[in-house]
Amino acid sequence: MDLDINKAKDAAQDALGAVAKDENAKKIANDAIDKVEKKVGVDLPDVDALNSQFGKK
């Protein structure tokens with residue numbers, strides 16, 4: 001099975017865009033990010049920041 005990196009990148013961008021558009025999904029993802037931040041003591045970007053940096057332009 002060959003891994004097409006461009007297809008994987010496109011799928012990840014599509015998924016990130018879908019989460020950013022759905023308020024419930026965005027809240028759940030941001031809550032998960034907050035929990036990880038508390039455990040590791042590092043400030044992580046939220047869904048909107050990730051989408052603006054890595055989402056489809």
# chains A, B, ... in the order shown; residues from 1 in each chain; ligands from 1
call {"tool": "select_by_dssp", "arguments": {"residues": "range 10-55 of chain A", "states": "helix (DSSP H, G or I)", "output": "PyMOL selection string"}}
result
chain A and resi 10-21+23-40+47-54
call {"tool": "residues_around", "arguments": {"residues": "range 14-17 of chain A", "least_positions_apart": "4", "cutoff": "7 Å", "atoms": "only C-alpha atoms", "output": "ChimeraX atom specification"}}
result
/A:10,21,51,55
call {"tool": "closest_residue", "arguments": {"among": "A:Asn30, A:Gln13, A:Asn24, A:Asn6", "to": "Val47 in chain A", "atoms": "only C-alpha atoms"}}
result
A:Asn30
call {"tool": "atom_distance", "arguments": {"atom1": "CA of Ala20 in chain A", "atom2": "CA of Leu50 in chain A"}}
result
9.0 Å
call {"tool": "closest_residue", "arguments": {"among": "A:Asp4, A:Val19, A:Lys57, A:Asp46", "to": "Ala32 in chain A", "atoms": "only C-alpha atoms"}}
result
A:Asp46
call {"tool": "atom_distance", "arguments": {"atom1": "CA of Lys26 in chain A", "atom2": "CA of Ala11 in chain A"}}
result
17.4 Å
